[in-house]
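Structure file start_27.pdb (PDB, C-alpha atoms) is printed below.
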```
ATOM      1  CA  MET C   1       0.394 -13.110   9.629
ATOM      2  CA  ILE C   2       1.132 -13.275   5.924
ATOM      3  CA  VAL C   3       1.308 -10.027   3.991
ATOM      4  CA  HIS C   4       0.447 -10.743   0.365
ATOM      5  CA  LEU C   5       1.650  -7.956  -1.910
ATOM      6  CA  LEU C   6      -0.637  -8.745  -4.821
ATOM      7  CA  ASP C   7       0.395  -8.206  -8.417
ATOM      8  CA  VAL C   8      -1.981  -5.611  -9.866
ATOM      9  CA  GLY C   9       0.565  -4.050 -12.206
ATOM     10  CA  GLN C  10       1.163  -0.325 -11.774
ATOM     11  CA  GLY C  11      -1.047   0.063  -8.726
ATOM     12  CA  ALA C  12      -1.410  -1.363  -5.251
ATOM     13  CA  SER C  13      -3.362  -4.036  -3.442
ATOM     14  CA  THR C  14      -2.234  -5.778  -0.270
ATOM     15  CA  LEU C  15      -3.996  -8.720   1.354
ATOM     16  CA  ILE C  16      -3.170  -9.353   4.994
ATOM     17  CA  GLU C  17      -3.874 -12.941   5.968
ATOM     18  CA  LEU C  18      -4.420 -13.588   9.659
ATOM     19  CA  PRO C  19      -5.286 -16.721  11.615
ATOM     20  CA  CYS C  20      -8.613 -15.095  12.448
ATOM     21  CA  GLY C  21      -9.460 -13.118   9.318
ATOM     22  CA  ALA C  22      -8.398 -11.062   6.324
ATOM     23  CA  VAL C  23      -7.695  -7.398   5.648
ATOM     24  CA  LEU C  24      -7.481  -5.798   2.191
ATOM     25  CA  ILE C  25      -5.652  -2.534   1.536
ATOM     26  CA  ASP C  26      -6.441  -0.944  -1.856
ATOM     27  CA  THR C  27      -7.698  -2.628  -5.014
ATOM     28  CA  GLY C  28      -5.275  -1.898  -7.899
ATOM     29  CA  GLY C  29      -4.333  -1.049 -10.579
ATOM     30  CA  GLU C  30      -3.156  -0.943 -14.157
ATOM     31  CA  GLN C  31      -5.381  -1.407 -17.183
ATOM     32  CA  ASP C  32      -4.069  -1.523 -20.751
ATOM     33  CA  GLU C  33      -3.869  -3.817 -23.796
ATOM     34  CA  GLU C  34      -1.666  -6.301 -21.928
ATOM     35  CA  PHE C  35      -2.939  -6.245 -18.363
ATOM     36  CA  HIS C  36      -6.184  -5.788 -16.428
ATOM     37  CA  SER C  37      -5.660  -5.273 -12.718
ATOM     38  CA  THR C  38      -9.201  -6.086 -11.626
ATOM     39  CA  GLU C  39      -9.045  -9.480 -13.321
ATOM     40  CA  ALA C  40      -5.641 -10.102 -11.723
ATOM     41  CA  LEU C  41      -6.885  -9.012  -8.306
ATOM     42  CA  HIS C  42      -9.976 -11.195  -8.571
ATOM     43  CA  ALA C  43      -7.944 -14.254  -9.559
ATOM     44  CA  GLN C  44      -5.561 -13.802  -6.615
ATOM     45  CA  LEU C  45      -8.418 -13.329  -4.152
ATOM     46  CA  GLU C  46     -10.170 -16.409  -5.524
ATOM     47  CA  GLU C  47      -7.009 -18.458  -5.053
ATOM     48  CA  PHE C  48      -6.665 -17.162  -1.493
ATOM     49  CA  PHE C  49     -10.238 -17.939  -0.444
ATOM     50  CA  ALA C  50     -10.074 -21.369  -2.089
ATOM     51  CA  ARG C  51      -7.221 -22.108   0.315
ATOM     52  CA  ARG C  52      -8.719 -20.356   3.346
ATOM     53  CA  THR C  53     -12.205 -21.807   3.178
ATOM     54  CA  ASP C  54     -12.624 -21.134   6.898
ATOM     55  CA  LEU C  55     -12.868 -17.401   6.160
ATOM     56  CA  LYS C  56     -15.982 -17.923   4.008
ATOM     57  CA  ARG C  57     -14.965 -15.331   1.403
ATOM     58  CA  THR C  58     -15.017 -12.598   4.024
ATOM     59  CA  ILE C  59     -12.806  -9.512   4.311
ATOM     60  CA  ASP C  60     -13.025  -8.059   7.799
ATOM     61  CA  VAL C  61     -11.982  -4.560   6.766
ATOM     62  CA  MET C  62     -11.091  -2.985   3.437
ATOM     63  CA  PHE C  63      -8.898   0.116   3.506
ATOM     64  CA  ILE C  64      -8.754   2.517   0.584
ATOM     65  CA  THR C  65      -5.731   4.694   1.212
ATOM     66  CA  HIS C  66      -6.772   7.464  -1.197
ATOM     67  CA  PRO C  67      -8.960   8.014  -4.267
ATOM     68  CA  HIS C  68      -6.639   7.458  -7.215
ATOM     69  CA  ILE C  69      -7.540   4.961  -9.934
ATOM     70  CA  ASP C  70      -4.485   2.756  -9.334
ATOM     71  CA  HIS C  71      -5.777   2.157  -5.803
ATOM     72  CA  VAL C  72      -9.568   2.059  -6.306
ATOM     73  CA  ARG C  73     -10.214   0.434  -9.699
ATOM     74  CA  GLY C  74     -11.267  -2.922  -8.250
ATOM     75  CA  ILE C  75     -13.619  -1.642  -5.523
ATOM     76  CA  PRO C  76     -16.890  -2.710  -7.215
ATOM     77  CA  ASP C  77     -15.576  -6.188  -8.043
ATOM     78  CA  VAL C  78     -14.421  -6.789  -4.471
ATOM     79  CA  LEU C  79     -17.680  -5.585  -2.940
ATOM     80  CA  ASP C  80     -19.772  -7.599  -5.418
ATOM     81  CA  HIS C  81     -17.944 -10.908  -4.975
ATOM     82  CA  TYR C  82     -16.863 -11.006  -1.327
ATOM     83  CA  THR C  83     -18.362 -10.195   2.038
ATOM     84  CA  VAL C  84     -16.737  -6.984   3.279
ATOM     85  CA  LYS C  85     -17.653  -6.100   6.852
ATOM     86  CA  ASN C  86     -15.987  -2.709   7.270
ATOM     87  CA  LEU C  87     -14.712   0.073   5.011
ATOM     88  CA  VAL C  88     -12.090   2.702   5.894
ATOM     89  CA  ASP C  89     -10.963   5.563   3.646
ATOM     90  CA  ASP C  90     -10.088   9.258   3.859
ATOM     91  CA  GLY C  91     -13.619  10.385   3.030
ATOM     92  CA  LEU C  92     -12.585  12.273  -0.109
ATOM     93  CA  PRO C  93     -14.597  11.803  -3.325
ATOM     94  CA  GLY C  94     -11.607  12.007  -5.659
ATOM     95  CA  GLU C  95     -11.466  13.496  -9.131
ATOM     96  CA  ALA C  96     -13.829  12.645 -11.992
ATOM     97  CA  ASN C  97     -12.059   9.454 -13.112
ATOM     98  CA  VAL C  98     -12.590   7.742  -9.749
ATOM     99  CA  ARG C  99     -15.937   9.167  -8.631
ATOM    100  CA  ASP C 100     -17.854   6.072  -9.753
ATOM    101  CA  GLN C 101     -15.686   3.660  -7.757
ATOM    102  CA  VAL C 102     -15.576   5.825  -4.632
ATOM    103  CA  GLN C 103     -19.300   6.558  -4.726
ATOM    104  CA  TYR C 104     -20.002   2.863  -5.266
ATOM    105  CA  ALA C 105     -18.062   2.094  -2.085
ATOM    106  CA  HIS C 106     -19.891   4.735  -0.036
ATOM    107  CA  ASP C 107     -23.311   3.734  -1.359
ATOM    108  CA  PHE C 108     -22.557   0.058  -0.775
ATOM    109  CA  ALA C 109     -21.434   0.763   2.788
ATOM    110  CA  THR C 110     -24.736   2.526   3.469
ATOM    111  CA  SER C 111     -27.050   0.059   1.734
ATOM    112  CA  HIS C 112     -25.361  -3.009   3.232
ATOM    113  CA  SER C 113     -24.820  -1.533   6.717
ATOM    114  CA  LEU C 114     -21.040  -1.852   6.615
ATOM    115  CA  GLY C 115     -19.003  -0.287   9.360
ATOM    116  CA  TYR C 116     -17.529   2.875   7.857
ATOM    117  CA  ARG C 117     -14.859   5.289   9.008
ATOM    118  CA  ALA C 118     -13.423   8.322   7.196
ATOM    119  CA  ILE C 119      -9.979   9.081   8.605
ATOM    120  CA  HIS C 120      -8.927  12.684   9.259
ATOM    121  CA  ARG C 121      -5.338  13.341  10.259
ATOM    122  CA  ASP C 122      -5.955  16.128  12.737
ATOM    123  CA  ALA C 123      -8.290  13.950  14.813
ATOM    124  CA  ILE C 124      -5.582  11.328  15.389
ATOM    125  CA  ASP C 125      -3.598  11.331  18.617
ATOM    126  CA  GLY C 126       0.122  11.846  18.026
ATOM    127  CA  LYS C 127       1.046   9.404  20.774
ATOM    128  CA  THR C 128      -1.228   6.458  20.098
ATOM    129  CA  GLY C 129      -2.621   6.750  16.564
ATOM    130  CA  PHE C 130      -6.310   5.890  16.115
ATOM    131  CA  THR C 131      -8.214   2.643  16.224
ATOM    132  CA  ASP C 132     -11.724   1.433  16.865
ATOM    133  CA  ALA C 133     -13.940  -1.538  16.011
ATOM    134  CA  VAL C 134     -14.167  -0.474  12.351
ATOM    135  CA  VAL C 135     -10.456   0.143  11.816
ATOM    136  CA  ASP C 136      -9.553  -2.999  13.757
ATOM    137  CA  PRO C 137     -12.336  -5.602  13.746
ATOM    138  CA  VAL C 138      -9.982  -8.587  14.086
ATOM    139  CA  LYS C 139      -8.978 -10.183  17.375
ATOM    140  CA  CYS C 140      -5.564 -11.615  16.509
ATOM    141  CA  ALA C 141      -3.750  -8.455  15.370
ATOM    142  CA  ASP C 142      -3.586  -4.784  16.276
ATOM    143  CA  ILE C 143      -4.478  -2.321  13.505
ATOM    144  CA  LYS C 144      -4.322   1.449  13.781
ATOM    145  CA  VAL C 145      -4.237   4.421  11.441
ATOM    146  CA  LEU C 146      -1.627   7.158  11.781
ATOM    147  CA  SER C 147      -2.787   9.693   9.193
ATOM    148  CA  GLY C 148      -5.546  10.524   6.745
ATOM    149  CA  ALA C 149      -7.290  13.468   5.106
ATOM    150  CA  VAL C 150      -5.935  16.888   6.097
ATOM    151  CA  ASP C 151      -8.679  19.460   6.576
ATOM    152  CA  ALA C 152      -6.692  22.667   5.984
ATOM    153  CA  ASP C 153      -3.503  23.361   4.041
ATOM    154  CA  PRO C 154      -0.601  23.198   6.541
ATOM    155  CA  GLY C 155       1.451  25.435   4.267
ATOM    156  CA  TRP C 156       2.780  22.677   2.046
ATOM    157  CA  GLY C 157       3.309  25.016  -0.893
ATOM    158  CA  GLU C 158       3.426  24.004  -4.550
ATOM    159  CA  ASN C 159       5.169  21.357  -6.612
ATOM    160  CA  ASN C 160       7.384  22.039  -9.623
ATOM    161  CA  TYR C 161       4.320  22.361 -11.840
ATOM    162  CA  GLY C 162       2.660  25.043  -9.718
ATOM    163  CA  LYS C 163       0.051  22.735  -8.191
ATOM    164  CA  ARG C 164      -0.568  22.895  -4.450
ATOM    165  CA  HIS C 165       0.585  19.803  -2.574
ATOM    166  CA  PHE C 166      -2.611  20.118  -0.533
ATOM    167  CA  GLU C 167      -4.684  19.479  -3.662
ATOM    168  CA  ASN C 168      -2.881  16.196  -4.328
ATOM    169  CA  ALA C 169      -4.892  13.227  -3.022
ATOM    170  CA  ASN C 170      -1.635  11.357  -2.372
ATOM    171  CA  ASN C 171      -0.951  13.599   0.615
ATOM    172  CA  HIS C 172      -4.268  12.663   2.212
ATOM    173  CA  SER C 173      -3.501   8.930   2.177
ATOM    174  CA  VAL C 174      -4.617   6.797   5.088
ATOM    175  CA  VAL C 175      -1.449   5.500   6.766
ATOM    176  CA  ILE C 176      -1.888   2.067   8.355
ATOM    177  CA  ARG C 177       0.142   0.167  10.931
ATOM    178  CA  VAL C 178      -0.488  -3.528  11.635
ATOM    179  CA  ASP C 179       1.089  -5.411  14.550
ATOM    180  CA  PHE C 180       1.065  -9.177  14.944
ATOM    181  CA  GLY C 181       2.912 -10.081  18.114
ATOM    182  CA  LYS C 182       6.446  -8.722  17.675
ATOM    183  CA  SER C 183       6.037  -8.244  13.900
ATOM    184  CA  SER C 184       4.856  -4.978  12.362
ATOM    185  CA  LEU C 185       3.928  -3.490   8.984
ATOM    186  CA  LEU C 186       3.561   0.101   7.780
ATOM    187  CA  VAL C 187       1.601   1.108   4.669
ATOM    188  CA  THR C 188       1.806   4.788   3.691
ATOM    189  CA  GLY C 189      -0.284   4.745   0.506
ATOM    190  CA  ASP C 190       1.060   7.377  -1.865
ATOM    191  CA  THR C 191       1.989   9.923   0.808
ATOM    192  CA  GLU C 192       4.613  12.313  -0.576
ATOM    193  CA  GLU C 193       7.518  14.207   0.990
ATOM    194  CA  VAL C 194       5.654  17.202   2.459
ATOM    195  CA  ALA C 195       3.125  15.001   4.239
ATOM    196  CA  LEU C 196       5.785  12.448   5.226
ATOM    197  CA  HIS C 197       7.672  15.248   6.980
ATOM    198  CA  ASP C 198       4.566  15.966   9.062
ATOM    199  CA  LEU C 199       4.043  12.243   9.734
ATOM    200  CA  VAL C 200       7.575  11.791  11.075
ATOM    201  CA  GLU C 201       7.300  14.944  13.158
ATOM    202  CA  LYS C 202       3.924  13.897  14.604
ATOM    203  CA  TYR C 203       5.275  10.570  15.875
ATOM    204  CA  GLN C 204       8.885  11.524  16.599
ATOM    205  CA  ASN C 205       8.589  10.819  20.337
ATOM    206  CA  THR C 206       6.964   7.425  19.831
ATOM    207  CA  LYS C 207       7.796   4.055  18.311
ATOM    208  CA  LEU C 208       4.734   4.033  16.058
ATOM    209  CA  LEU C 209       6.774   4.371  12.873
ATOM    210  CA  ASP C 210       9.348   1.772  13.950
ATOM    211  CA  VAL C 211       8.355  -1.314  11.942
ATOM    212  CA  ASP C 212       9.726  -4.521  10.455
ATOM    213  CA  VAL C 213       8.169  -4.305   6.987
ATOM    214  CA  TYR C 214       7.589  -1.156   4.969
ATOM    215  CA  GLN C 215       5.263  -1.095   1.983
ATOM    216  CA  VAL C 216       7.064   1.575   0.026
ATOM    217  CA  GLY C 217       5.155   4.789  -0.580
ATOM    218  CA  HIS C 218       3.973   5.850  -4.028
ATOM    219  CA  HIS C 219       5.192   2.734  -5.862
ATOM    220  CA  GLY C 220       8.845   3.566  -5.251
ATOM    221  CA  SER C 221       8.573   7.059  -6.725
ATOM    222  CA  HIS C 222      11.295   9.622  -6.010
ATOM    223  CA  ASN C 223       8.897  11.492  -3.694
ATOM    224  CA  GLY C 224       7.317   8.663  -1.692
ATOM    225  CA  THR C 225      10.087   7.864   0.818
ATOM    226  CA  THR C 226      12.387  10.115   2.820
ATOM    227  CA  SER C 227      15.577   9.517   4.778
ATOM    228  CA  ASP C 228      13.865  10.738   7.971
ATOM    229  CA  LEU C 229      11.106   8.169   7.500
ATOM    230  CA  MET C 230      13.647   5.414   6.898
ATOM    231  CA  HIS C 231      15.491   6.341  10.100
ATOM    232  CA  ALA C 232      12.213   6.286  12.022
ATOM    233  CA  MET C 233      11.171   2.896  10.618
ATOM    234  CA  THR C 234      14.452   0.908  10.635
ATOM    235  CA  PRO C 235      12.728  -1.769   8.492
ATOM    236  CA  LYS C 236      13.983  -5.256   7.818
ATOM    237  CA  VAL C 237      12.132  -5.622   4.508
ATOM    238  CA  ALA C 238      10.727  -3.211   1.901
ATOM    239  CA  LEU C 239       7.911  -4.035  -0.528
ATOM    240  CA  ILE C 240       7.183  -2.023  -3.677
ATOM    241  CA  ALA C 241       3.823  -2.299  -5.429
ATOM    242  CA  THR C 242       4.608  -1.455  -9.036
ATOM    243  CA  GLY C 243       4.318  -2.832 -12.535
ATOM    244  CA  PRO C 244       7.088  -4.323 -14.688
ATOM    245  CA  GLU C 245       9.298  -2.206 -16.906
ATOM    246  CA  ASP C 246       8.461  -4.133 -20.070
ATOM    247  CA  ARG C 247       4.858  -2.956 -20.589
ATOM    248  CA  HIS C 248       5.361   0.193 -22.610
ATOM    249  CA  HIS C 249       2.007   1.932 -22.324
ATOM    250  CA  GLN C 250       0.646   5.072 -20.705
ATOM    251  CA  TRP C 251       0.135   4.892 -16.908
ATOM    252  CA  THR C 252       2.580   1.993 -16.488
ATOM    253  CA  ALA C 253       5.732   1.653 -14.384
ATOM    254  CA  TRP C 254       7.697   2.287 -17.578
ATOM    255  CA  ALA C 255       5.838   5.551 -18.188
ATOM    256  CA  TYR C 256       6.503   6.745 -14.622
ATOM    257  CA  GLY C 257      10.011   5.358 -14.202
ATOM    258  CA  HIS C 258       9.046   3.365 -11.084
ATOM    259  CA  PRO C 259      10.752   2.425  -8.881
ATOM    260  CA  ARG C 260      13.235   5.285  -9.011
ATOM    261  CA  GLU C 261      16.938   4.835  -8.441
ATOM    262  CA  PRO C 262      17.340   7.269  -5.472
ATOM    263  CA  THR C 263      14.527   5.531  -3.603
ATOM    264  CA  VAL C 264      15.897   2.048  -4.289
ATOM    265  CA  ARG C 265      19.299   3.193  -3.017
ATOM    266  CA  MET C 266      17.677   4.560   0.140
ATOM    267  CA  LEU C 267      15.861   1.284   0.681
ATOM    268  CA  GLU C 268      19.009  -0.772   0.085
ATOM    269  CA  GLU C 269      20.839   1.217   2.724
ATOM    270  CA  GLY C 270      17.921   1.176   5.147
ATOM    271  CA  VAL C 271      16.686  -2.425   5.259
ATOM    272  CA  SER C 272      18.542  -4.887   7.455
ATOM    273  CA  MET C 273      17.714  -8.222   5.797
ATOM    274  CA  THR C 274      19.117  -9.606   2.562
ATOM    275  CA  ARG C 275      17.603 -11.496  -0.359
ATOM    276  CA  PRO C 276      19.057 -13.852  -2.988
ATOM    277  CA  ALA C 277      20.943 -11.695  -5.466
ATOM    278  CA  THR C 278      18.837 -10.871  -8.482
ATOM    279  CA  GLU C 279      18.923  -8.538 -11.453
ATOM    280  CA  VAL C 280      16.236  -5.850 -11.346
ATOM    281  CA  GLN C 281      15.123  -2.920 -13.479
ATOM    282  CA  ILE C 282      15.482   0.465 -11.747
ATOM    283  CA  GLY C 283      14.052   3.708 -13.128
ATOM    284  CA  LEU C 284      16.520   6.496 -13.828
ATOM    285  CA  LYS C 285      13.824   8.712 -15.333
ATOM    286  CA  VAL C 286      10.481   8.481 -17.101
ATOM    287  CA  LYS C 287      10.772   5.663 -19.665
ATOM    288  CA  GLY C 288      14.433   5.160 -18.754
ATOM    289  CA  PHE C 289      15.665   2.102 -16.835
ATOM    290  CA  VAL C 290      18.896   0.342 -15.978
ATOM    291  CA  ALA C 291      19.481  -3.283 -14.938
ATOM    292  CA  GLU C 292      21.315  -3.752 -11.640
ATOM    293  CA  LYS C 293      22.069  -6.513  -9.148
ATOM    294  CA  LEU C 294      20.209  -6.346  -5.860
ATOM    295  CA  ASP C 295      20.902  -8.410  -2.733
ATOM    296  CA  LYS C 296      19.159  -6.428   0.017
ATOM    297  CA  ALA C 297      15.592  -7.297   1.096
ATOM    298  CA  VAL C 298      13.819  -4.954  -1.303
ATOM    299  CA  TYR C 299      11.066  -6.664  -3.278
ATOM    300  CA  ALA C 300       8.755  -5.393  -6.010
ATOM    301  CA  THR C 301       5.840  -6.959  -7.839
ATOM    302  CA  GLY C 302       7.360  -5.630 -11.070
ATOM    303  CA  TRP C 303      10.489  -7.706 -10.429
ATOM    304  CA  ASP C 304       9.187 -10.621  -8.386
ATOM    305  CA  GLY C 305       5.513 -11.087  -9.165
ATOM    306  CA  PRO C 306       3.292 -11.451  -6.078
ATOM    307  CA  VAL C 307       5.296 -11.333  -2.840
ATOM    308  CA  ASP C 308       4.328 -13.146   0.371
ATOM    309  CA  VAL C 309       5.870 -12.052   3.663
ATOM    310  CA  GLU C 310       5.280 -14.408   6.563
ATOM    311  CA  MET C 311       5.533 -12.423   9.783
ATOM    312  CA  ARG C 312       5.460 -14.590  12.885
ATOM    313  CA  ALA C 313       4.460 -13.434  16.338
ATOM    314  CA  ASP C 314       8.023 -13.978  17.570
ATOM    315  CA  GLY C 315       9.293 -11.395  15.055
ATOM    316  CA  THR C 316      10.806 -13.776  12.494
ATOM    317  CA  ILE C 317      10.187 -12.948   8.844
ATOM    318  CA  THR C 318      10.259 -15.134   5.732
ATOM    319  CA  VAL C 319       9.749 -13.834   2.194
ATOM    320  CA  ARG C 320       8.534 -15.842  -0.788
ATOM    321  CA  THR C 321       8.268 -14.578  -4.358
ATOM    322  CA  HIS C 322       6.324 -15.898  -7.326
ATOM    323  CA  PRO C 323       8.188 -14.807 -10.448
ATOM    324  CA  LYS C 324       6.512 -15.264 -13.796
ATOM    325  CA  LYS C 325       7.420 -18.407 -15.668
ATOM    326  CA  THR C 326       9.404 -17.837 -18.812
ATOM    327  CA  SER C 327       9.385 -20.182 -21.791
TER     328      SER C 327
END
```

Is it possible to express this structure as structure tokens?
Amino acid sequence: MIVHLLDVGQGASTLIELPCGAVLIDTGGEQDEEFHSTEALHAQLEEFFARRTDLKRTIDVMFITHPHIDHVRGIPDVLDHYTVKNLVDDGLPGEANVRDQVQYAHDFATSHSLGYRAIHRDAIDGKTGFTDAVVDPVKCADIKVLSGAVDADPGWGENNYGKRHFENANNHSVVIRVDFGKSSLLVTGDTEEVALHDLVEKYQNTKLLDVDVYQVGHHGSHNGTTSDLMHAMTPKVALIATGPEDRHHQWTAWAYGHPREPTVRMLEEGVSMTRPATEVQIGLKVKGFVAEKLDKAVYATGWDGPVDVEMRADGTITVRTHPKKTS
């Protein structure tokens, strides 16, 4: 299995390449004067299918973790240009700026007879997670979901701006686990601290959160990873889907300060593998970064370009990066 953390700028899209198929999680991404995530996503998918001609431009299942624009922008392009067999999301329509993309996905699933599943957290077994032929249509890996939309406010309270955590689509993210032999991956979407607490508690008596590779929640934000989650996962490698610091526009990594220093520190302490030492930009605050040396196996598209993680059935892991060429 090769996990391709695609470069869609400040957003997320992950392509999971399998011997028997392909899985896509989210569709980017950032759009501004310098970068267009849908064009970047399309180019990377074209390159992939040109190499894997045996897959006949087919995605076995597309997951949309939650309806925010940096995760759904490319939905129409993907559905229009590739054969998608199954669609999984949290069933929520999202706010006004994503309604077109989300509705397009739901209408397309109906008109083209795609398998469709809307994931609700409370319907998922706390010992096994949930899977079926829509969530896991491939035969050479095991895919399950561990969380999704929450039907009633669990008492999460409000954030510092007086908004209920329950009203934040991040906390309804579909959480996905993929196993390939002895190798495993966890994707938490943009799940934030209050919902992560519930996730860890739900699976505390299982090994379902214990994984080799962690796609870092909420683009490395200060609220997308917790120490309890890190202890439950014991990951070897961490992957951050985020944009570079040097694009100074609204809705960029620079504008958010991603990835944040406390989260990077937590990841450095928590992952067990190393990487070649490199200088990276870490967010101290919104629009405030510092350059630091990093030698633990924490990778980010904003630092490294697209990242490929080869995860073999025997549990061995190899990481390749594709940094941008500089003149």

Please, which residues in range 47-101 of chain C fall within 9 Å of range 109-121 of chain C when counting only C-alpha atoms, and what is the closest atom pair and distance in Å to one decimal for each, ordered by chain then residue number, as a tab-separated table?
```
residue	atom	partner	partner_atom	distance
C:Val61	CA	C:Gly115	CA	8.6
C:Val84	CA	C:Leu114	CA	7.5
C:Lys85	CA	C:Leu114	CA	5.4
C:Asn86	CA	C:Gly115	CA	4.4
C:Leu87	CA	C:Tyr116	CA	4.9
C:Val88	CA	C:Arg117	CA	4.9
C:Asp89	CA	C:Ala118	CA	5.1
C:Asp90	CA	C:Ile119	CA	4.8
C:Gly91	CA	C:Ala118	CA	4.7
C:Leu92	CA	C:Ala118	CA	8.3
```

Determine the residue membership of the PyMOL selection byres ((chain C and resi 209) around 8) for the file above and supply it as a PyMOL selection string. chain C and resi 186+200+203+206-208+210-211+229+232-233

Identify which of the residues C:Asn168, C:Gly217, C:Cys20, C:Asp32 lies closest to Arg52 in chain C, counting all atoms listed in the file when measuring atom-to-atom distances.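 Closest residue, counting all atoms listed in the file: C:Cys20.
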
Counting all atoms listed in the file, note down every residue that has an atom within 7 Å of the point (-4.3, 5.5, 6.1) (file coordinates), as JSON, numbers by chain. {"C": [65, 145, 146, 147, 148, 173, 174, 175, 176, 188, 189]}

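Shortest atom-to-atom contact with Gly157 in chain C among C:Glu292, C:Glu193, C:Asp122, C:Asp246: C:Glu193, counting all atoms listed in the file.
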
Which residues, written as a ChimeraX atom specification, have at least one atom at most 8 Å from Val194 in chain C, with all atoms listed in the file counted and residues fewer than 4 positions away on the same chain left out? /C:156,165,171,198

Do you know which residues lie at most 8 Å from (-0.7, -7.3, -10.6), with coordinates as in the file and all atoms listed in the file counted, and could you write them as a list in words?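 Residues lying no farther than 8 Å from the given point: Leu6, Asp7, Val8, Gly9, Gln10, Gly11, Gly28, Gly29, Glu30, Ser37, Ala40, Leu41, Gly243, Thr301, Gly305 and Pro306 of chain C.
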
Could you write out that same residue set with C-alpha atoms as a PDB file, in the frame of the given file?
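Now in again.pdb:
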```pdb
ATOM      1  CA  LEU C   6      -0.637  -8.745  -4.821  1.00  0.00           C
ATOM      2  CA  ASP C   7       0.395  -8.206  -8.417  1.00  0.00           C
ATOM      3  CA  VAL C   8      -1.981  -5.611  -9.866  1.00  0.00           C
ATOM      4  CA  GLY C   9       0.565  -4.050 -12.206  1.00  0.00           C
ATOM      5  CA  GLN C  10       1.163  -0.325 -11.774  1.00  0.00           C
ATOM      6  CA  GLY C  11      -1.047   0.063  -8.726  1.00  0.00           C
ATOM      7  CA  GLY C  28      -5.275  -1.898  -7.899  1.00  0.00           C
ATOM      8  CA  GLY C  29      -4.333  -1.049 -10.579  1.00  0.00           C
ATOM      9  CA  GLU C  30      -3.156  -0.943 -14.157  1.00  0.00           C
ATOM     10  CA  SER C  37      -5.660  -5.273 -12.718  1.00  0.00           C
ATOM     11  CA  ALA C  40      -5.641 -10.102 -11.723  1.00  0.00           C
ATOM     12  CA  LEU C  41      -6.885  -9.012  -8.306  1.00  0.00           C
ATOM     13  CA  GLY C 243       4.318  -2.832 -12.535  1.00  0.00           C
ATOM     14  CA  THR C 301       5.840  -6.959  -7.839  1.00  0.00           C
ATOM     15  CA  GLY C 305       5.513 -11.087  -9.165  1.00  0.00           C
ATOM     16  CA  PRO C 306       3.292 -11.451  -6.078  1.00  0.00           C
TER      17      PRO C 306
END
```

Given all atoms listed in the file as the basis, pick out the residue of C:Ala238, C:Val307, C:Ile25, C:Val213 nearest to Leu185 in chain C. C:Val213

Give me the box for range 106-125 of chain C as AutoDock Vina command-line options, namely the centre and edge lengths in Å to one decimal of a box along x, y and z that holds every listed atom plus 6 Å on each side.
```
--center_x -15.3 --center_y 6.6 --center_z 8.6 --size_x 35.5 --size_y 31.1 --size_z 32.0
```

May I ask which of the residues C:Leu196, C:Ile64, C:Ile143, C:Leu239 is the closest one to Gln215 in chain C, counting all atoms listed in the file?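 Closest residue, counting all atoms listed in the file: C:Leu239.
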
Extract range 83-117 of chain C from the structure I just pasted (atoms: C-alpha atoms) and return it as a PDB file, in the first residue's frame.
```
ATOM      1  CA  THR C  83     -15.030   6.413 -12.283  1.00  0.00           C
ATOM      2  CA  VAL C  84     -15.969   6.516  -8.594  1.00  0.00           C
ATOM      3  CA  LYS C  85     -17.781   3.406  -7.401  1.00  0.00           C
ATOM      4  CA  ASN C  86     -18.671   4.342  -3.826  1.00  0.00           C
ATOM      5  CA  LEU C  87     -19.063   7.531  -1.790  1.00  0.00           C
ATOM      6  CA  VAL C  88     -18.817   7.854   2.005  1.00  0.00           C
ATOM      7  CA  ASP C  89     -19.375  11.047   4.006  1.00  0.00           C
ATOM      8  CA  ASP C  90     -21.028  12.210   7.227  1.00  0.00           C
ATOM      9  CA  GLY C  91     -24.311  13.058   5.515  1.00  0.00           C
ATOM     10  CA  LEU C  92     -24.196  16.736   6.486  1.00  0.00           C
ATOM     11  CA  PRO C  93     -24.946  19.394   3.844  1.00  0.00           C
ATOM     12  CA  GLY C  94     -22.409  21.913   5.129  1.00  0.00           C
ATOM     13  CA  GLU C  95     -22.680  25.684   5.146  1.00  0.00           C
ATOM     14  CA  ALA C  96     -23.519  27.846   2.127  1.00  0.00           C
ATOM     15  CA  ASN C  97     -20.003  27.944   0.644  1.00  0.00           C
ATOM     16  CA  VAL C  98     -19.876  24.162   0.188  1.00  0.00           C
ATOM     17  CA  ARG C  99     -23.507  23.312  -0.570  1.00  0.00           C
ATOM     18  CA  ASP C 100     -22.885  23.113  -4.323  1.00  0.00           C
ATOM     19  CA  GLN C 101     -20.035  20.608  -4.002  1.00  0.00           C
ATOM     20  CA  VAL C 102     -21.784  18.452  -1.402  1.00  0.00           C
ATOM     21  CA  GLN C 103     -25.085  18.460  -3.277  1.00  0.00           C
ATOM     22  CA  TYR C 104     -23.248  17.618  -6.494  1.00  0.00           C
ATOM     23  CA  ALA C 105     -21.778  14.555  -4.780  1.00  0.00           C
ATOM     24  CA  HIS C 106     -25.144  13.396  -3.421  1.00  0.00           C
ATOM     25  CA  ASP C 107     -26.943  13.976  -6.718  1.00  0.00           C
ATOM     26  CA  PHE C 108     -24.174  12.222  -8.637  1.00  0.00           C
ATOM     27  CA  ALA C 109     -24.307   9.242  -6.281  1.00  0.00           C
ATOM     28  CA  THR C 110     -28.045   8.921  -6.914  1.00  0.00           C
ATOM     29  CA  SER C 111     -28.021   9.477 -10.675  1.00  0.00           C
ATOM     30  CA  HIS C 112     -25.054   7.165 -11.279  1.00  0.00           C
ATOM     31  CA  SER C 113     -26.101   4.473  -8.774  1.00  0.00           C
ATOM     32  CA  LEU C 114     -22.983   4.797  -6.636  1.00  0.00           C
ATOM     33  CA  GLY C 115     -22.818   2.961  -3.360  1.00  0.00           C
ATOM     34  CA  TYR C 116     -23.412   5.594  -0.687  1.00  0.00           C
ATOM     35  CA  ARG C 117     -23.039   5.597   3.074  1.00  0.00           C
TER      36      ARG C 117
END
```
